[in-house]
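J.: If you scroll down you'll find the structure; I have some questions about it.
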Amino acid sequence: RLDNNSWTQMPDQVTGDALTALSGARLLVTGGTRMVWLTADRGANWQPIDLGASFDPSGSTTNSATNTSKPSLWPLIGQDGTIWLISDTAIAVTAQQSLTAQSRANWKTIDAPPGLVFVQSESSLAAHDGSLWITLNPTGKNTANALSTLWHYTFANGWQTTALIPRTGVRFLEDAKGGIWIALADGGAAHFDGVSWHSFTANSIGDQFAAPDRGLEAGVIDADNNVWWSDSDGSLHRYDGQNWIMYAVSDSAFAFMNADSVPVLDSSGHVWVSGDYLSQFANGGWRRIDPVHSAVFDTMHKTFVASARSLARDGSLWFSVSSAGVVRYDGVHWTWFGPENGALPILPNSGVHDAYISLTSTRNGGMLLYHAIEHATYRYTP
């Protein structure tokens, strides 16, 4: 825990794979086989949570096929505050407001459908209506050699499934009307309006949209309820409720997106994309932005990278820049922090940004940047 200028290590017994912030300044740590810890007072008083004897996760944290580890208790916080703790074969769920260290009676255990295991990835969504959308695989299979299936859990009806196959690792979206959007494994997207599914694929609306070799990567929904998806080819697709529009490198004001970047929303709900420069979509069109000019900055080979955490709590936008630090936009002015002014060391090239640079917004409008190569954390205070 970083408090002012001091780091404090938590007690040795508080270990886990995932850290989640809850309401009331509480932190939830999950990991191991059944290890769950909760604190509400700045990390000084950690309490283990009893999930109850009925919850029996598999306890296996290593995928033998790929020799990779994953959290054996994966937390997912619902839009309504519900807490879902997902293992390979079972889910423990409770309302956030009822969560205490001795809250065994408040946990409900949900088993996976027979013969299936949960896929712990971003291909899941805890929706506003309290239901869960999640992907599952056949028992003994991993995401590398088996197609995932899409399942929906409601407390009223239990598990239900559809024939659609989601693209694993791509975040589900929920629009302003409660509709669910997913990226499909064979290209394109699908929308659930609460009653039925409607698919948008290259075959149904034209071959310019998300062919199988150009799978959708990341999506956002803007202030006007337009749905945006980036694809693996660096293009962007917008659905306005009636038509799909594709933006590609041929659009002079559109920043051709690099592999590490995702579309992001600013505080007004406008979409930004990043590449060799930045682009903002507003008033029906793209505006190209070259944010900073200096004798040093202009000579650098730059690639701007937007992440899911680019929007800070004070409404400012942050973008990392290959070999050149980071830039901040407060809605009026751009500020560059980089090796020229000694604020930051040289950052790695764009190909490893996502793995080595992590931005985390703080409550006072500041920003923490973790540099994995330097093994150092840098803090900006406004």
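Simple scheme: letters A, B, ... for chains in structure tokens order, numbers from 1 for residues in each chain, numbers from 1 for ligands in the order shown.
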Find the residues around A:Gly241 up to 9 Å (only C-alpha atoms counted), leave out those fewer than 6 positions away in its own chain, and share them as a PDB file with N, CA and C atoms, in the first residue's frame.
T.:
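Below is the file that was written, part_12.pdb:
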```pdb
ATOM      1  N   ASN A 225     -24.812   5.960 -27.353  1.00  0.00           N
ATOM      2  CA  ASN A 225     -25.131   4.539 -27.440  1.00  0.00           C
ATOM      3  C   ASN A 225     -24.654   3.907 -28.743  1.00  0.00           C
ATOM      4  N   ASN A 226     -23.688   4.550 -29.439  1.00  0.00           N
ATOM      5  CA  ASN A 226     -23.025   3.895 -30.556  1.00  0.00           C
ATOM      6  C   ASN A 226     -22.111   2.804 -30.022  1.00  0.00           C
ATOM      7  N   VAL A 227     -22.055   1.686 -30.707  1.00  0.00           N
ATOM      8  CA  VAL A 227     -21.184   0.577 -30.326  1.00  0.00           C
ATOM      9  C   VAL A 227     -19.940   0.608 -31.206  1.00  0.00           C
TER      10      VAL A 227
END
```
J.: Using only C-alpha atoms, which protein or nucleic acid residues come within 6 Å of stretch 15-27 of chain A? Drop anything in the same chain fewer than 4 positions from it, and give the result as a ChimeraX atom specification.
T.: /A:31,38-40,71
J.: Do you know which residues are at most 8 Å from stretch 374-382 of chain A counting only C-alpha atoms, after dropping those on the same chain fewer than 5 positions away, and could you put them as a PyMOL selection string?
T.: chain A and resi 344+364-369
J.: The selected residues should be written to file as a PDB file, in the first residue's frame (atoms: all heavy atoms).
T.:
```pdb
ATOM      1  N   LEU A 344      10.417  10.931 -16.418  1.00  0.00           N
ATOM      2  CA  LEU A 344      10.299   9.489 -16.566  1.00  0.00           C
ATOM      3  C   LEU A 344      11.490   8.968 -17.362  1.00  0.00           C
ATOM      4  O   LEU A 344      12.048   9.698 -18.184  1.00  0.00           O
ATOM      5  CB  LEU A 344       9.006   9.116 -17.314  1.00  0.00           C
ATOM      6  CG  LEU A 344       7.677   9.258 -16.586  1.00  0.00           C
ATOM      7  CD1 LEU A 344       6.535   9.014 -17.552  1.00  0.00           C
ATOM      8  CD2 LEU A 344       7.597   8.282 -15.421  1.00  0.00           C
ATOM      9  N   ASN A 364      -7.193  11.816  -6.161  1.00  0.00           N
ATOM     10  CA  ASN A 364      -7.006  13.268  -6.207  1.00  0.00           C
ATOM     11  C   ASN A 364      -6.652  13.768  -7.604  1.00  0.00           C
ATOM     12  O   ASN A 364      -6.168  14.882  -7.760  1.00  0.00           O
ATOM     13  CB  ASN A 364      -5.903  13.681  -5.227  1.00  0.00           C
ATOM     14  CG  ASN A 364      -4.547  13.081  -5.599  1.00  0.00           C
ATOM     15  OD1 ASN A 364      -4.456  12.231  -6.482  1.00  0.00           O
ATOM     16  ND2 ASN A 364      -3.502  13.520  -4.918  1.00  0.00           N
ATOM     17  N   GLY A 365      -6.897  12.941  -8.625  1.00  0.00           N
ATOM     18  CA  GLY A 365      -6.573  13.348  -9.981  1.00  0.00           C
ATOM     19  C   GLY A 365      -5.166  13.003 -10.388  1.00  0.00           C
ATOM     20  O   GLY A 365      -4.719  13.378 -11.482  1.00  0.00           O
ATOM     21  N   GLY A 366      -4.452  12.288  -9.542  1.00  0.00           N
ATOM     22  CA  GLY A 366      -3.091  11.882  -9.867  1.00  0.00           C
ATOM     23  C   GLY A 366      -3.064  10.594 -10.659  1.00  0.00           C
ATOM     24  O   GLY A 366      -4.096  10.034 -11.042  1.00  0.00           O
ATOM     25  N   MET A 367      -1.847  10.122 -10.915  1.00  0.00           N
ATOM     26  CA  MET A 367      -1.678   8.906 -11.697  1.00  0.00           C
ATOM     27  C   MET A 367      -0.436   8.172 -11.218  1.00  0.00           C
ATOM     28  O   MET A 367       0.593   8.790 -10.919  1.00  0.00           O
ATOM     29  CB  MET A 367      -1.543   9.240 -13.182  1.00  0.00           C
ATOM     30  CG  MET A 367      -1.431   8.035 -14.102  1.00  0.00           C
ATOM     31  SD  MET A 367      -2.935   7.015 -14.164  1.00  0.00           S
ATOM     32  CE  MET A 367      -4.030   8.072 -15.132  1.00  0.00           C
ATOM     33  N   LEU A 368      -0.547   6.846 -11.116  1.00  0.00           N
ATOM     34  CA  LEU A 368       0.597   5.986 -10.846  1.00  0.00           C
ATOM     35  C   LEU A 368       0.965   5.253 -12.125  1.00  0.00           C
ATOM     36  O   LEU A 368       0.083   4.738 -12.830  1.00  0.00           O
ATOM     37  CB  LEU A 368       0.282   4.963  -9.753  1.00  0.00           C
ATOM     38  CG  LEU A 368       0.008   5.494  -8.350  1.00  0.00           C
ATOM     39  CD1 LEU A 368      -0.389   4.340  -7.440  1.00  0.00           C
ATOM     40  CD2 LEU A 368       1.228   6.212  -7.792  1.00  0.00           C
ATOM     41  N   LEU A 369       2.249   5.223 -12.441  1.00  0.00           N
ATOM     42  CA  LEU A 369       2.749   4.490 -13.595  1.00  0.00           C
ATOM     43  C   LEU A 369       3.731   3.447 -13.107  1.00  0.00           C
ATOM     44  O   LEU A 369       4.738   3.779 -12.487  1.00  0.00           O
ATOM     45  CB  LEU A 369       3.417   5.427 -14.602  1.00  0.00           C
ATOM     46  CG  LEU A 369       3.940   4.802 -15.902  1.00  0.00           C
ATOM     47  CD1 LEU A 369       3.861   5.810 -17.037  1.00  0.00           C
ATOM     48  CD2 LEU A 369       5.383   4.297 -15.772  1.00  0.00           C
TER      49      LEU A 369
END
```
J.: Got a sec: who's within 8 Å of A:Trp74, counting only C-alpha atoms, leaving out chain neighbours fewer than 2 positions off, as a list in words?
T.: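 Returned residues: Ala18, Thr30, Gly31, Pro71, Ser72, Leu76, Leu85, Ile86, Ser87 and Gln120 of chain A.
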J.: Restricting it to N, CA and C atoms, dump the selection as a short mmCIF file (atom, residue, chain, number, x, y, z; two decimals), in the first residue's frame.
T.:
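To be explicit, this is the file written out as selection00.cif:
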```cif
data_model
loop_
_atom_site.label_atom_id
_atom_site.label_comp_id
_atom_site.auth_asym_id
_atom_site.auth_seq_id
_atom_site.Cartn_x
_atom_site.Cartn_y
_atom_site.Cartn_z
N ALA A 18 -5.49 -11.86 -7.11
CA ALA A 18 -6.31 -10.75 -7.60
C ALA A 18 -6.68 -9.82 -6.45
N THR A 30 -8.21 -12.35 -3.44
CA THR A 30 -8.58 -13.74 -3.70
C THR A 30 -7.42 -14.47 -4.35
N GLY A 31 -7.33 -15.78 -4.08
CA GLY A 31 -6.28 -16.58 -4.69
C GLY A 31 -6.12 -17.89 -3.97
N PRO A 71 -5.73 -17.31 -11.62
CA PRO A 71 -6.34 -17.28 -10.28
C PRO A 71 -7.36 -18.40 -10.13
N SER A 72 -7.27 -19.15 -9.05
CA SER A 72 -8.23 -20.23 -8.84
C SER A 72 -9.53 -19.68 -8.26
N LEU A 76 -15.36 -11.19 -9.90
CA LEU A 76 -16.09 -10.39 -10.89
C LEU A 76 -17.13 -9.59 -10.13
N LEU A 85 -17.34 -14.92 -7.13
CA LEU A 85 -16.02 -15.53 -7.02
C LEU A 85 -16.07 -16.84 -7.81
N ILE A 86 -15.31 -16.90 -8.90
CA ILE A 86 -15.45 -17.98 -9.87
C ILE A 86 -14.22 -18.87 -9.83
N SER A 87 -14.42 -20.15 -9.64
CA SER A 87 -13.35 -21.13 -9.74
C SER A 87 -13.54 -21.90 -11.05
N GLN A 120 -11.90 -18.50 -17.29
CA GLN A 120 -11.62 -17.28 -16.56
C GLN A 120 -10.92 -16.29 -17.48
#
```
J.: Got a sec: who's within 9 Å of A:Asp231, counting only C-alpha atoms, leaving out chain neighbours fewer than 3 positions off, as number ranges by chain?
T.: A: 210, 214-218, 234-237
J.: Write the selection just made, keeping N, CA and C atoms, as a short mmCIF file (atom, residue, chain, number, x, y, z; two decimals), in the first residue's frame?
T.:
```cif
data_model
loop_
_atom_site.label_atom_id
_atom_site.label_comp_id
_atom_site.auth_asym_id
_atom_site.auth_seq_id
_atom_site.Cartn_x
_atom_site.Cartn_y
_atom_site.Cartn_z
N ALA A 210 -15.25 -7.23 -40.08
CA ALA A 210 -14.78 -8.29 -39.20
C ALA A 210 -14.84 -9.68 -39.81
N ARG A 214 -9.97 -11.22 -39.18
CA ARG A 214 -9.87 -9.89 -38.59
C ARG A 214 -10.81 -9.82 -37.39
N GLY A 215 -10.57 -10.67 -36.41
CA GLY A 215 -11.46 -10.75 -35.27
C GLY A 215 -11.50 -9.47 -34.46
N LEU A 216 -12.64 -9.23 -33.81
CA LEU A 216 -12.81 -8.05 -32.98
C LEU A 216 -11.98 -8.20 -31.71
N GLU A 217 -11.39 -7.08 -31.27
CA GLU A 217 -10.45 -7.11 -30.15
C GLU A 217 -10.96 -6.41 -28.90
N ALA A 218 -11.50 -5.20 -29.04
CA ALA A 218 -11.94 -4.42 -27.87
C ALA A 218 -13.10 -3.53 -28.28
N GLY A 234 -6.30 -3.33 -37.07
CA GLY A 234 -6.08 -1.92 -36.76
C GLY A 234 -7.21 -0.99 -37.19
N SER A 235 -8.31 -1.55 -37.68
CA SER A 235 -9.45 -0.73 -38.09
C SER A 235 -10.46 -0.65 -36.94
N LEU A 236 -11.46 0.21 -37.12
CA LEU A 236 -12.48 0.44 -36.10
C LEU A 236 -13.85 0.39 -36.76
N HIS A 237 -14.83 -0.19 -36.06
CA HIS A 237 -16.18 -0.34 -36.59
C HIS A 237 -17.18 0.30 -35.63
#
```
J.: Tell me which protein, DNA and RNA residues are within 8 Å of stretch 122-132 of chain A, counting only C-alpha atoms, leaving out same-chain ones fewer than 5 positions away, and put them as a ChimeraX atom specification.
T.: /A:76-80,82,152-155,166-174,178
J.: With C-alpha atoms retained, write the just-selected residues as a PDB file, in the first residue's frame.
T.:
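Written file, part07.pdb:
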```
ATOM      1  CA  LEU A  76     -16.087 -10.395 -10.887  1.00  0.00           C
ATOM      2  CA  ILE A  77     -17.983  -7.388  -9.500  1.00  0.00           C
ATOM      3  CA  GLY A  78     -21.479  -6.892 -10.875  1.00  0.00           C
ATOM      4  CA  GLN A  79     -22.969  -3.604 -12.019  1.00  0.00           C
ATOM      5  CA  ASP A  80     -25.411  -3.916  -9.106  1.00  0.00           C
ATOM      6  CA  THR A  82     -22.946  -8.351  -6.557  1.00  0.00           C
ATOM      7  CA  HIS A 152     -26.293 -16.953 -19.070  1.00  0.00           C
ATOM      8  CA  TYR A 153     -27.161 -17.403 -15.394  1.00  0.00           C
ATOM      9  CA  THR A 154     -30.155 -15.814 -13.664  1.00  0.00           C
ATOM     10  CA  PHE A 155     -31.315 -16.588 -10.139  1.00  0.00           C
ATOM     11  CA  PRO A 166     -17.852 -15.980 -28.370  1.00  0.00           C
ATOM     12  CA  ARG A 167     -14.331 -14.803 -29.128  1.00  0.00           C
ATOM     13  CA  THR A 168     -12.380 -15.724 -26.001  1.00  0.00           C
ATOM     14  CA  GLY A 169     -10.553 -12.919 -24.230  1.00  0.00           C
ATOM     15  CA  VAL A 170     -12.696 -10.081 -25.620  1.00  0.00           C
ATOM     16  CA  ARG A 171     -14.731  -8.118 -23.097  1.00  0.00           C
ATOM     17  CA  PHE A 172     -18.532  -8.288 -23.316  1.00  0.00           C
ATOM     18  CA  LEU A 173     -20.424  -4.979 -23.527  1.00  0.00           C
ATOM     19  CA  GLU A 174     -23.731  -3.817 -22.051  1.00  0.00           C
ATOM     20  CA  GLY A 178     -29.387  -3.415 -21.077  1.00  0.00           C
TER      21      GLY A 178
END
```
J.: Work out how far apart atom CA of A:Leu99 and atom CA of A:Leu73 are and give it in Å to one decimal.
T.: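 One can read the atom CA of A:Leu99 to atom CA of A:Leu73 distance as 16.4 Å.
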